[in-house]
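Visitor: What follows is the file target-v3.cif, containing mmCIF, C-alpha atoms and all ligand atoms; chains and numbers go by the auth columns:
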data_entry
loop_
_atom_site.group_PDB
_atom_site.id
_atom_site.type_symbol
_atom_site.label_atom_id
_atom_site.label_comp_id
_atom_site.label_asym_id
_atom_site.label_seq_id
_atom_site.Cartn_x
_atom_site.Cartn_y
_atom_site.Cartn_z
_atom_site.B_iso_or_equiv
_atom_site.auth_seq_id
_atom_site.auth_asym_id
ATOM 1 C CA ARG A 1 31.372 21.245 14.089 0.00 1 M
ATOM 2 C CA ALA A 2 28.200 19.259 13.472 0.00 2 M
ATOM 3 C CA LEU A 3 28.255 15.573 12.566 0.00 3 M
ATOM 4 C CA LEU A 4 27.578 15.437 8.816 0.00 4 M
ATOM 5 C CA VAL A 5 25.267 12.632 7.702 0.00 5 M
ATOM 6 C CA GLY A 6 24.535 11.935 4.026 0.00 6 M
ATOM 7 C CA LEU A 7 21.141 10.272 3.564 0.00 7 M
ATOM 8 C CA THR A 8 20.311 8.565 0.283 0.00 8 M
ATOM 9 C CA GLY A 9 18.396 5.741 -1.349 0.00 9 M
ATOM 10 C CA GLY A 10 16.613 4.917 -4.593 0.00 10 M
ATOM 11 C CA ILE A 11 13.410 6.604 -5.642 0.00 11 M
ATOM 12 C CA GLY A 12 10.563 5.643 -3.318 0.00 12 M
ATOM 13 C CA SER A 13 12.853 3.939 -0.800 0.00 13 M
ATOM 14 C CA GLY A 14 11.756 6.187 2.061 0.00 14 M
ATOM 15 C CA LYS A 15 14.504 8.828 2.308 0.00 15 M
ATOM 16 C CA SER A 16 12.119 11.670 3.060 0.00 16 M
ATOM 17 C CA THR A 17 10.369 9.541 5.670 0.00 17 M
ATOM 18 C CA VAL A 18 13.696 8.812 7.400 0.00 18 M
ATOM 19 C CA ALA A 19 14.672 12.490 7.146 0.00 19 M
ATOM 20 C CA ARG A 20 11.413 13.440 8.870 0.00 20 M
ATOM 21 C CA MET A 21 11.995 10.873 11.629 0.00 21 M
ATOM 22 C CA LEU A 22 15.516 12.226 12.185 0.00 22 M
ATOM 23 C CA ALA A 23 14.245 15.819 12.213 0.00 23 M
ATOM 24 C CA ASP A 24 11.700 14.827 14.875 0.00 24 M
ATOM 25 C CA LYS A 25 14.623 13.640 17.000 0.00 25 M
ATOM 26 C CA GLY A 26 16.407 16.954 16.651 0.00 26 M
ATOM 27 C CA ALA A 27 18.555 16.547 13.548 0.00 27 M
ATOM 28 C CA PHE A 28 19.209 19.585 11.354 0.00 28 M
ATOM 29 C CA VAL A 29 17.908 18.422 7.967 0.00 29 M
ATOM 30 C CA VAL A 30 18.683 19.899 4.559 0.00 30 M
ATOM 31 C CA ASP A 31 16.753 18.605 1.525 0.00 31 M
ATOM 32 C CA ALA A 32 18.592 18.585 -1.821 0.00 32 M
ATOM 33 C CA ASP A 33 15.324 18.447 -3.794 0.00 33 M
ATOM 34 C CA ALA A 34 14.100 21.586 -2.068 0.00 34 M
ATOM 35 C CA LEU A 35 17.401 23.347 -2.805 0.00 35 M
ATOM 36 C CA ALA A 36 17.142 22.256 -6.444 0.00 36 M
ATOM 37 C CA ARG A 37 13.750 23.951 -6.656 0.00 37 M
ATOM 38 C CA GLN A 38 15.067 27.115 -4.964 0.00 38 M
ATOM 39 C CA VAL A 39 18.035 27.326 -7.312 0.00 39 M
ATOM 40 C CA LEU A 40 15.604 27.553 -10.253 0.00 40 M
ATOM 41 C CA ALA A 41 13.253 29.995 -8.525 0.00 41 M
ATOM 42 C CA PRO A 42 11.520 32.678 -10.616 0.00 42 M
ATOM 43 C CA GLY A 43 13.922 35.502 -11.403 0.00 43 M
ATOM 44 C CA SER A 44 17.047 33.497 -10.608 0.00 44 M
ATOM 45 C CA LEU A 45 20.179 33.633 -12.720 0.00 45 M
ATOM 46 C CA ALA A 46 20.087 29.851 -13.089 0.00 46 M
ATOM 47 C CA LEU A 47 16.603 30.024 -14.563 0.00 47 M
ATOM 48 C CA ALA A 48 17.771 32.563 -17.143 0.00 48 M
ATOM 49 C CA GLU A 49 20.602 30.188 -18.058 0.00 49 M
ATOM 50 C CA VAL A 50 18.109 27.348 -18.462 0.00 50 M
ATOM 51 C CA ARG A 51 16.100 29.452 -20.894 0.00 51 M
ATOM 52 C CA GLU A 52 19.277 30.278 -22.816 0.00 52 M
ATOM 53 C CA GLN A 53 20.210 26.587 -23.051 0.00 53 M
ATOM 54 C CA PHE A 54 16.839 24.944 -23.584 0.00 54 M
ATOM 55 C CA GLY A 55 14.606 27.675 -24.924 0.00 55 M
ATOM 56 C CA ASP A 56 10.917 28.452 -24.506 0.00 56 M
ATOM 57 C CA GLN A 57 9.926 24.795 -24.909 0.00 57 M
ATOM 58 C CA VAL A 58 10.680 24.193 -21.213 0.00 58 M
ATOM 59 C CA PHE A 59 8.677 27.217 -20.009 0.00 59 M
ATOM 60 C CA TYR A 60 4.975 27.881 -19.660 0.00 60 M
ATOM 61 C CA PRO A 61 3.517 30.860 -21.491 0.00 61 M
ATOM 62 C CA ASP A 62 3.409 32.733 -18.163 0.00 62 M
ATOM 63 C CA GLY A 63 7.209 32.451 -17.896 0.00 63 M
ATOM 64 C CA SER A 64 7.377 29.834 -15.158 0.00 64 M
ATOM 65 C CA LEU A 65 9.490 26.709 -15.560 0.00 65 M
ATOM 66 C CA ASN A 66 7.745 23.654 -17.019 0.00 66 M
ATOM 67 C CA ARG A 67 9.553 21.036 -14.925 0.00 67 M
ATOM 68 C CA GLY A 68 7.835 18.165 -16.686 0.00 68 M
ATOM 69 C CA ALA A 69 9.006 19.360 -20.080 0.00 69 M
ATOM 70 C CA LEU A 70 12.529 20.003 -18.815 0.00 70 M
ATOM 71 C CA GLY A 71 12.574 16.566 -17.200 0.00 71 M
ATOM 72 C CA ARG A 72 11.575 14.920 -20.475 0.00 72 M
ATOM 73 C CA VAL A 73 14.270 16.788 -22.399 0.00 73 M
ATOM 74 C CA VAL A 74 17.123 15.849 -20.076 0.00 74 M
ATOM 75 C CA PHE A 75 15.830 12.338 -19.499 0.00 75 M
ATOM 76 C CA ALA A 76 16.022 11.619 -23.227 0.00 76 M
ATOM 77 C CA ASP A 77 19.400 13.216 -23.820 0.00 77 M
ATOM 78 C CA GLU A 78 22.553 12.663 -21.780 0.00 78 M
ATOM 79 C CA SER A 79 24.288 15.814 -23.026 0.00 79 M
ATOM 80 C CA ALA A 80 21.234 17.925 -22.225 0.00 80 M
ATOM 81 C CA ARG A 81 21.293 16.520 -18.717 0.00 81 M
ATOM 82 C CA ALA A 82 24.970 17.406 -18.381 0.00 82 M
ATOM 83 C CA ARG A 83 24.214 20.969 -19.497 0.00 83 M
ATOM 84 C CA LEU A 84 21.386 21.301 -16.983 0.00 84 M
ATOM 85 C CA GLU A 85 23.536 19.898 -14.202 0.00 85 M
ATOM 86 C CA ALA A 86 26.334 22.328 -15.068 0.00 86 M
ATOM 87 C CA ILE A 87 23.828 25.094 -14.333 0.00 87 M
ATOM 88 C CA THR A 88 22.238 23.631 -11.209 0.00 88 M
ATOM 89 C CA LEU A 89 24.673 21.347 -9.369 0.00 89 M
ATOM 90 C CA PRO A 90 27.327 23.904 -8.380 0.00 90 M
ATOM 91 C CA ARG A 91 24.592 26.163 -7.036 0.00 91 M
ATOM 92 C CA ILE A 92 22.833 23.359 -5.172 0.00 92 M
ATOM 93 C CA SER A 93 26.140 22.289 -3.677 0.00 93 M
ATOM 94 C CA ALA A 94 26.997 25.830 -2.552 0.00 94 M
ATOM 95 C CA ALA A 95 23.536 26.282 -1.027 0.00 95 M
ATOM 96 C CA ALA A 96 23.802 22.928 0.762 0.00 96 M
ATOM 97 C CA GLN A 97 27.177 23.786 2.247 0.00 97 M
ATOM 98 C CA GLN A 98 25.911 27.138 3.402 0.00 98 M
ATOM 99 C CA ARG A 99 22.854 25.579 5.066 0.00 99 M
ATOM 100 C CA LEU A 100 24.696 22.660 6.648 0.00 100 M
ATOM 101 C CA ALA A 101 27.218 25.092 8.121 0.00 101 M
ATOM 102 C CA GLN A 102 24.352 26.557 10.178 0.00 102 M
ATOM 103 C CA ALA A 103 23.980 23.382 12.241 0.00 103 M
ATOM 104 C CA ARG A 104 25.206 23.753 15.788 0.00 104 M
ATOM 105 C CA VAL A 105 28.396 22.152 17.095 0.00 105 M
ATOM 106 C CA GLY A 106 27.587 18.609 18.190 0.00 106 M
ATOM 107 C CA GLN A 107 24.282 18.599 16.323 0.00 107 M
ATOM 108 C CA VAL A 108 23.508 15.925 13.755 0.00 108 M
ATOM 109 C CA ALA A 109 23.258 17.575 10.322 0.00 109 M
ATOM 110 C CA VAL A 110 21.539 15.432 7.690 0.00 110 M
ATOM 111 C CA TYR A 111 21.733 16.087 3.960 0.00 111 M
ATOM 112 C CA ASP A 112 18.903 14.240 2.183 0.00 112 M
ATOM 113 C CA VAL A 113 20.378 13.808 -1.292 0.00 113 M
ATOM 114 C CA PRO A 114 18.852 11.296 -3.729 0.00 114 M
ATOM 115 C CA LEU A 115 21.881 11.283 -6.043 0.00 115 M
ATOM 116 C CA LEU A 116 24.642 11.026 -3.433 0.00 116 M
ATOM 117 C CA VAL A 117 26.271 8.098 -5.228 0.00 117 M
ATOM 118 C CA GLU A 118 25.729 9.417 -8.757 0.00 118 M
ATOM 119 C CA GLN A 119 27.300 12.754 -7.757 0.00 119 M
ATOM 120 C CA ARG A 120 30.117 11.057 -5.823 0.00 120 M
ATOM 121 C CA LEU A 121 29.461 12.939 -2.610 0.00 121 M
ATOM 122 C CA ALA A 122 30.132 10.128 -0.124 0.00 122 M
ATOM 123 C CA GLU A 123 33.517 11.427 1.013 0.00 123 M
ATOM 124 C CA GLN A 124 32.002 14.711 2.156 0.00 124 M
ATOM 125 C CA PHE A 125 30.125 13.026 5.020 0.00 125 M
ATOM 126 C CA ASP A 126 31.117 11.563 8.352 0.00 126 M
ATOM 127 C CA VAL A 127 28.394 8.949 8.022 0.00 127 M
ATOM 128 C CA VAL A 128 26.520 7.762 4.919 0.00 128 M
ATOM 129 C CA VAL A 129 23.063 6.274 5.538 0.00 129 M
ATOM 130 C CA VAL A 130 21.361 4.328 2.751 0.00 130 M
ATOM 131 C CA VAL A 131 17.645 3.491 2.814 0.00 131 M
ATOM 132 C CA GLU A 132 16.657 0.326 0.992 0.00 132 M
ATOM 133 C CA ALA A 133 13.317 -1.246 0.142 0.00 133 M
ATOM 134 C CA SER A 134 12.371 -3.994 -2.263 0.00 134 M
ATOM 135 C CA ALA A 135 11.481 -2.944 -5.804 0.00 135 M
ATOM 136 C CA ALA A 136 7.948 -4.254 -5.272 0.00 136 M
ATOM 137 C CA ASN A 137 7.538 -2.091 -2.180 0.00 137 M
ATOM 138 C CA ARG A 138 8.956 0.977 -3.857 0.00 138 M
ATOM 139 C CA LEU A 139 6.705 0.565 -6.903 0.00 139 M
ATOM 140 C CA ALA A 140 3.617 0.145 -4.716 0.00 140 M
ATOM 141 C CA ARG A 141 4.472 3.249 -2.649 0.00 141 M
ATOM 142 C CA LEU A 142 5.233 5.341 -5.725 0.00 142 M
ATOM 143 C CA ASP A 143 2.020 4.126 -7.343 0.00 143 M
ATOM 144 C CA ALA A 144 0.111 5.311 -4.268 0.00 144 M
ATOM 145 C CA ARG A 145 1.778 8.694 -4.797 0.00 145 M
ATOM 146 C CA GLY A 146 0.531 8.824 -8.376 0.00 146 M
ATOM 147 C CA LEU A 147 3.717 7.939 -10.249 0.00 147 M
ATOM 148 C CA SER A 148 3.104 5.426 -13.031 0.00 148 M
ATOM 149 C CA ARG A 149 4.877 2.079 -12.987 0.00 149 M
ATOM 150 C CA GLU A 150 6.626 2.865 -16.306 0.00 150 M
ATOM 151 C CA GLU A 151 7.872 6.208 -15.026 0.00 151 M
ATOM 152 C CA ALA A 152 9.032 4.674 -11.736 0.00 152 M
ATOM 153 C CA LEU A 153 10.901 1.848 -13.477 0.00 153 M
ATOM 154 C CA ALA A 154 12.519 4.265 -15.925 0.00 154 M
ATOM 155 C CA ARG A 155 13.783 6.424 -13.061 0.00 155 M
ATOM 156 C CA MET A 156 15.054 3.415 -11.158 0.00 156 M
ATOM 157 C CA ALA A 157 16.975 2.223 -14.211 0.00 157 M
ATOM 158 C CA ASN A 158 18.560 5.646 -14.429 0.00 158 M
ATOM 159 C CA GLN A 159 19.751 5.707 -10.805 0.00 159 M
ATOM 160 C CA ALA A 160 22.609 3.919 -9.115 0.00 160 M
ATOM 161 C CA SER A 161 21.853 0.365 -7.968 0.00 161 M
ATOM 162 C CA ASP A 162 21.356 -0.806 -4.387 0.00 162 M
ATOM 163 C CA ALA A 163 24.770 -2.501 -4.659 0.00 163 M
ATOM 164 C CA GLN A 164 26.440 0.774 -5.652 0.00 164 M
ATOM 165 C CA ARG A 165 24.771 2.596 -2.762 0.00 165 M
ATOM 166 C CA ARG A 166 25.675 -0.197 -0.342 0.00 166 M
ATOM 167 C CA ALA A 167 29.320 0.121 -1.379 0.00 167 M
ATOM 168 C CA VAL A 168 29.501 3.614 0.150 0.00 168 M
ATOM 169 C CA ALA A 169 27.082 3.047 3.043 0.00 169 M
ATOM 170 C CA ASP A 170 28.116 3.124 6.687 0.00 170 M
ATOM 171 C CA VAL A 171 24.565 2.262 7.722 0.00 171 M
ATOM 172 C CA VAL A 172 21.830 0.535 5.704 0.00 172 M
ATOM 173 C CA LEU A 173 18.210 0.934 6.802 0.00 173 M
ATOM 174 C CA ASP A 174 15.759 -1.701 5.559 0.00 174 M
ATOM 175 C CA ASN A 175 12.423 -0.087 4.706 0.00 175 M
ATOM 176 C CA SER A 176 10.644 -3.132 3.317 0.00 176 M
ATOM 177 C CA GLY A 177 8.514 -3.447 6.442 0.00 177 M
ATOM 178 C CA THR A 178 6.142 -1.221 8.366 0.00 178 M
ATOM 179 C CA LEU A 179 6.732 2.397 9.316 0.00 179 M
ATOM 180 C CA ALA A 180 7.032 1.196 12.924 0.00 180 M
ATOM 181 C CA ALA A 181 9.860 -1.140 11.913 0.00 181 M
ATOM 182 C CA LEU A 182 11.576 1.755 10.165 0.00 182 M
ATOM 183 C CA GLN A 183 11.118 3.996 13.193 0.00 183 M
ATOM 184 C CA GLU A 184 12.811 1.367 15.364 0.00 184 M
ATOM 185 C CA GLN A 185 15.853 1.349 13.079 0.00 185 M
ATOM 186 C CA VAL A 186 15.949 5.148 13.077 0.00 186 M
ATOM 187 C CA ASP A 187 15.814 5.119 16.892 0.00 187 M
ATOM 188 C CA ARG A 188 18.866 2.842 16.966 0.00 188 M
ATOM 189 C CA LEU A 189 20.670 4.912 14.330 0.00 189 M
ATOM 190 C CA TRP A 190 19.990 8.033 16.373 0.00 190 M
ATOM 191 C CA GLU A 191 21.605 6.475 19.451 0.00 191 M
ATOM 192 C CA ARG A 192 24.684 5.595 17.393 0.00 192 M
ATOM 193 C CA LEU A 193 24.897 9.097 15.930 0.00 193 M
ATOM 194 C CA GLN A 194 24.632 10.612 19.403 0.00 194 M
ATOM 195 C CA GLY A 195 27.566 8.439 20.451 0.00 195 M
ATOM 196 C CA ILE A 196 29.674 9.719 17.556 0.00 196 M
ATOM 197 C CA SER A 197 28.707 13.398 17.738 0.00 197 M
ATOM 198 C CA LYS A 198 28.986 13.671 21.543 0.00 198 M
ATOM 199 C CA PRO A 199 31.656 11.148 22.535 0.00 199 M
HETATM 200 P P1 LIG B . 11.643 10.034 -3.576 0.00 201 A
HETATM 201 O O1 LIG B . 12.881 9.382 -4.042 0.00 201 A
HETATM 202 O O2 LIG B . 10.565 9.975 -4.586 0.00 201 A
HETATM 203 O O3 LIG B . 11.838 11.391 -3.003 0.00 201 A
HETATM 204 P P2 LIG B . 11.696 8.880 -0.948 0.00 201 A
HETATM 205 O O4 LIG B . 12.811 7.910 -1.010 0.00 201 A
HETATM 206 O O5 LIG B . 11.964 10.169 -0.274 0.00 201 A
HETATM 207 O O6 LIG B . 11.091 9.111 -2.376 0.00 201 A
HETATM 208 P P3 LIG B . 9.388 8.693 0.704 0.00 201 A
HETATM 209 O O7 LIG B . 8.733 9.877 0.093 0.00 201 A
HETATM 210 O O8 LIG B . 9.888 8.800 2.082 0.00 201 A
HETATM 211 O O9 LIG B . 10.519 8.123 -0.258 0.00 201 A
HETATM 212 O O10 LIG B . 8.415 7.427 0.664 0.00 201 A
HETATM 213 C C1 LIG B . 7.674 7.128 -0.518 0.00 201 A
HETATM 214 C C2 LIG B . 6.214 6.902 -0.143 0.00 201 A
HETATM 215 O O11 LIG B . 6.093 5.676 0.594 0.00 201 A
HETATM 216 C C3 LIG B . 5.668 7.978 0.750 0.00 201 A
HETATM 217 O O12 LIG B . 4.338 8.214 0.382 0.00 201 A
HETATM 218 C C4 LIG B . 5.742 7.375 2.157 0.00 201 A
HETATM 219 O O13 LIG B . 4.767 7.877 3.017 0.00 201 A
HETATM 220 C C5 LIG B . 5.541 5.897 1.887 0.00 201 A
HETATM 221 N N1 LIG B . 6.280 5.016 2.814 0.00 201 A
HETATM 222 C C6 LIG B . 7.577 5.105 3.158 0.00 201 A
HETATM 223 N N2 LIG B . 7.948 4.105 3.976 0.00 201 A
HETATM 224 C C7 LIG B . 6.838 3.351 4.164 0.00 201 A
HETATM 225 C C8 LIG B . 6.560 2.152 4.909 0.00 201 A
HETATM 226 N N3 LIG B . 7.499 1.514 5.622 0.00 201 A
HETATM 227 N N4 LIG B . 5.308 1.667 4.849 0.00 201 A
HETATM 228 C C9 LIG B . 4.354 2.286 4.111 0.00 201 A
HETATM 229 N N5 LIG B . 4.544 3.389 3.400 0.00 201 A
HETATM 230 C C10 LIG B . 5.773 3.935 3.409 0.00 201 A
#
Spit out the file's structure as structure tokens when you get a sec.

Guide:
Amino acid sequence: RALLVGLTGGIGSGKSTVARMLADKGAFVVDADALARQVLAPGSLALAEVREQFGDQVFYPDGSLNRGALGRVVFADESARARLEAITLPRISAAAQQRLAQARVGQVAVYDVPLLVEQRLAEQFDVVVVVEASAANRLARLDARGLSREEALARMANQASDAQRRAVADVVLDNSGTLAALQEQVDRLWERLQGISKP
């Protein structure tokens, strides 16, 4: 089968950037955020369940999901978040497994999953890669992407810590420097992964 790599890191650490670099090298990449959006696609059963649970307040008048409103509801209320996750997580997980199973034998299959630690997924992977960057760097990059400092800090406080991610990491990539410095680390990681997947 393929070599299964779990890729994670805090918000704004550079996960998606690393995933793109790995895809450029030939990795088969699956993005948990994209699956999460697909699971709640218009007309889906999950979306109907969200309406049942949370009501019209998390929908626009045209019937599409108001992700901002839903985010605010579950961010403010732990039990609401648990109810949303009961709807979405099993479906995201099933979709991820189905997609990852499509990677070829000997290929490197990467699952880009922001909440790998929070969802206790580490054991499902052959290799866990954690991307780290200083808080200052992450805040500056998120700011450039239009996320306010308050919002970024609130999300960081809600995620696992670097120490918790490190505890499950097989490889830690330091993304506090330039993109070129990150690329160099990804190049080295890729060599290592090739050695494991094609011994
Ligand atoms: P999120 O958790 O929000 O999905 P992420 O961990 O996937 O974020 P990226 O989207 O890869 O992080 O990176 C955040 C932003 O910082 C992006 O706009 C990206 O282009 C930029 N960025 C990433 N690494 C660097 C770097 N080393 N130097 C400069 N900019 C960077």

Visitor: Quick one: apply the PyMOL selection byres (((chain M and resi 96-105) around 9) and not hetatm) to the file and drop the selected residues here as an MDAnalysis selection string.

Guide: chainID M and resid 1:4 27:32 35 91:95 106:111 197

Visitor: Could you build a table of the residues in chain M lying no more than 9 Å from ligand LIG 201 (chain A), giving for each the nearest pair of atoms and their separation in Å rounded to one decimal place, using all atoms listed in the file, ordered by chain and ascending residue number, as JSON lines?

Guide:
{"residue": "M:Thr8", "atom": "CA", "partner": "A:LIG201", "partner_atom": "O4", "distance": 7.6}
{"residue": "M:Gly9", "atom": "CA", "partner": "A:LIG201", "partner_atom": "O4", "distance": 6.0}
{"residue": "M:Gly10", "atom": "CA", "partner": "A:LIG201", "partner_atom": "O1", "distance": 5.8}
{"residue": "M:Ile11", "atom": "CA", "partner": "A:LIG201", "partner_atom": "O1", "distance": 3.2}
{"residue": "M:Gly12", "atom": "CA", "partner": "A:LIG201", "partner_atom": "O6", "distance": 3.6}
{"residue": "M:Ser13", "atom": "CA", "partner": "A:LIG201", "partner_atom": "O4", "distance": 4.0}
{"residue": "M:Gly14", "atom": "CA", "partner": "A:LIG201", "partner_atom": "O8", "distance": 3.2}
{"residue": "M:Lys15", "atom": "CA", "partner": "A:LIG201", "partner_atom": "O4", "distance": 3.8}
{"residue": "M:Ser16", "atom": "CA", "partner": "A:LIG201", "partner_atom": "O5", "distance": 3.7}
{"residue": "M:Thr17", "atom": "CA", "partner": "A:LIG201", "partner_atom": "O8", "distance": 3.7}
{"residue": "M:Val18", "atom": "CA", "partner": "A:LIG201", "partner_atom": "O8", "distance": 6.5}
{"residue": "M:Ala19", "atom": "CA", "partner": "A:LIG201", "partner_atom": "O8", "distance": 7.9}
{"residue": "M:Arg20", "atom": "CA", "partner": "A:LIG201", "partner_atom": "O8", "distance": 8.4}
{"residue": "M:Asp33", "atom": "CA", "partner": "A:LIG201", "partner_atom": "O3", "distance": 7.9}
{"residue": "M:Asp112", "atom": "CA", "partner": "A:LIG201", "partner_atom": "O5", "distance": 8.4}
{"residue": "M:Pro114", "atom": "CA", "partner": "A:LIG201", "partner_atom": "O1", "distance": 6.3}
{"residue": "M:Val131", "atom": "CA", "partner": "A:LIG201", "partner_atom": "O4", "distance": 7.6}
{"residue": "M:Glu132", "atom": "CA", "partner": "A:LIG201", "partner_atom": "O4", "distance": 8.7}
{"residue": "M:Ala133", "atom": "CA", "partner": "A:LIG201", "partner_atom": "N3", "distance": 8.5}
{"residue": "M:Asn137", "atom": "CA", "partner": "A:LIG201", "partner_atom": "N4", "distance": 8.3}
{"residue": "M:Arg138", "atom": "CA", "partner": "A:LIG201", "partner_atom": "O11", "distance": 7.1}
{"residue": "M:Ala140", "atom": "CA", "partner": "A:LIG201", "partner_atom": "O11", "distance": 8.1}
{"residue": "M:Arg141", "atom": "CA", "partner": "A:LIG201", "partner_atom": "O11", "distance": 4.4}
{"residue": "M:Leu142", "atom": "CA", "partner": "A:LIG201", "partner_atom": "C2", "distance": 5.9}
{"residue": "M:Asp143", "atom": "CA", "partner": "A:LIG201", "partner_atom": "C2", "distance": 8.8}
{"residue": "M:Ala144", "atom": "CA", "partner": "A:LIG201", "partner_atom": "O12", "distance": 6.9}
{"residue": "M:Arg145", "atom": "CA", "partner": "A:LIG201", "partner_atom": "O12", "distance": 5.8}
{"residue": "M:Asp174", "atom": "CA", "partner": "A:LIG201", "partner_atom": "N3", "distance": 8.9}
{"residue": "M:Asn175", "atom": "CA", "partner": "A:LIG201", "partner_atom": "N3", "distance": 5.3}
{"residue": "M:Ser176", "atom": "CA", "partner": "A:LIG201", "partner_atom": "N3", "distance": 6.1}
{"residue": "M:Gly177", "atom": "CA", "partner": "A:LIG201", "partner_atom": "N3", "distance": 5.1}
{"residue": "M:Thr178", "atom": "CA", "partner": "A:LIG201", "partner_atom": "N3", "distance": 4.1}
{"residue": "M:Leu179", "atom": "CA", "partner": "A:LIG201", "partner_atom": "N3", "distance": 3.9}
{"residue": "M:Ala180", "atom": "CA", "partner": "A:LIG201", "partner_atom": "N3", "distance": 7.3}
{"residue": "M:Ala181", "atom": "CA", "partner": "A:LIG201", "partner_atom": "N3", "distance": 7.2}
{"residue": "M:Leu182", "atom": "CA", "partner": "A:LIG201", "partner_atom": "N3", "distance": 6.1}
{"residue": "M:Gln183", "atom": "CA", "partner": "A:LIG201", "partner_atom": "N3", "distance": 8.8}

Visitor: Taking the file above as input, evaluate the PyMOL selection byres (((chain M and resi 155) around 12) and not hetatm) and report the hits as a list in words.

Guide: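 This file, filtered by the PyMOL selection byres (((chain M and resi 155) around 12) and not hetatm), leaves Gly10, Ile11, Gly12, Gly71, Arg72, Phe75, Ala76, Pro114, Leu115, Arg138, Leu139, Leu142, Leu147, Ser148, Arg149, Glu150, Glu151, Ala152, Leu153, Ala154, Met156, Ala157, Asn158, Gln159, Ala160 and Ser161 of chain M.
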
Visitor: Name every residue that the PyMOL selection byres (((chain M and resi 47) around 12) and not hetatm) selects in this structure, writing the answer as a PyMOL selection string with chains first and numbers rising.

Guide: chain M and resi 36-46+48-56+58-59+63-67+70+84+87-88+91

Visitor: Between M:Val127, M:Asp170, M:Ala86, M:Leu7, which residue has the minimum interatomic distance to Leu22 of chain M, considering all atoms listed in the file?

Guide: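 Going through M:Val127, M:Asp170, M:Ala86, M:Leu7 one by one, the smallest distance to Leu22 of chain M is for M:Leu7.
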
Visitor: Ranking M:Val128, M:Val73, M:Ile196, M:Ala122 by minimum distance to Leu173 of chain M and counting all atoms listed in the file, which one comes first?

Guide: M:Val128

Visitor: May I have the residues within 8 Å of Val117 of chain M as a PyMOL selection string, using all atoms listed in the file and disregarding those fewer than 3 positions away in the same chain?

Guide: chain M and resi 120-122+160+164-165+168
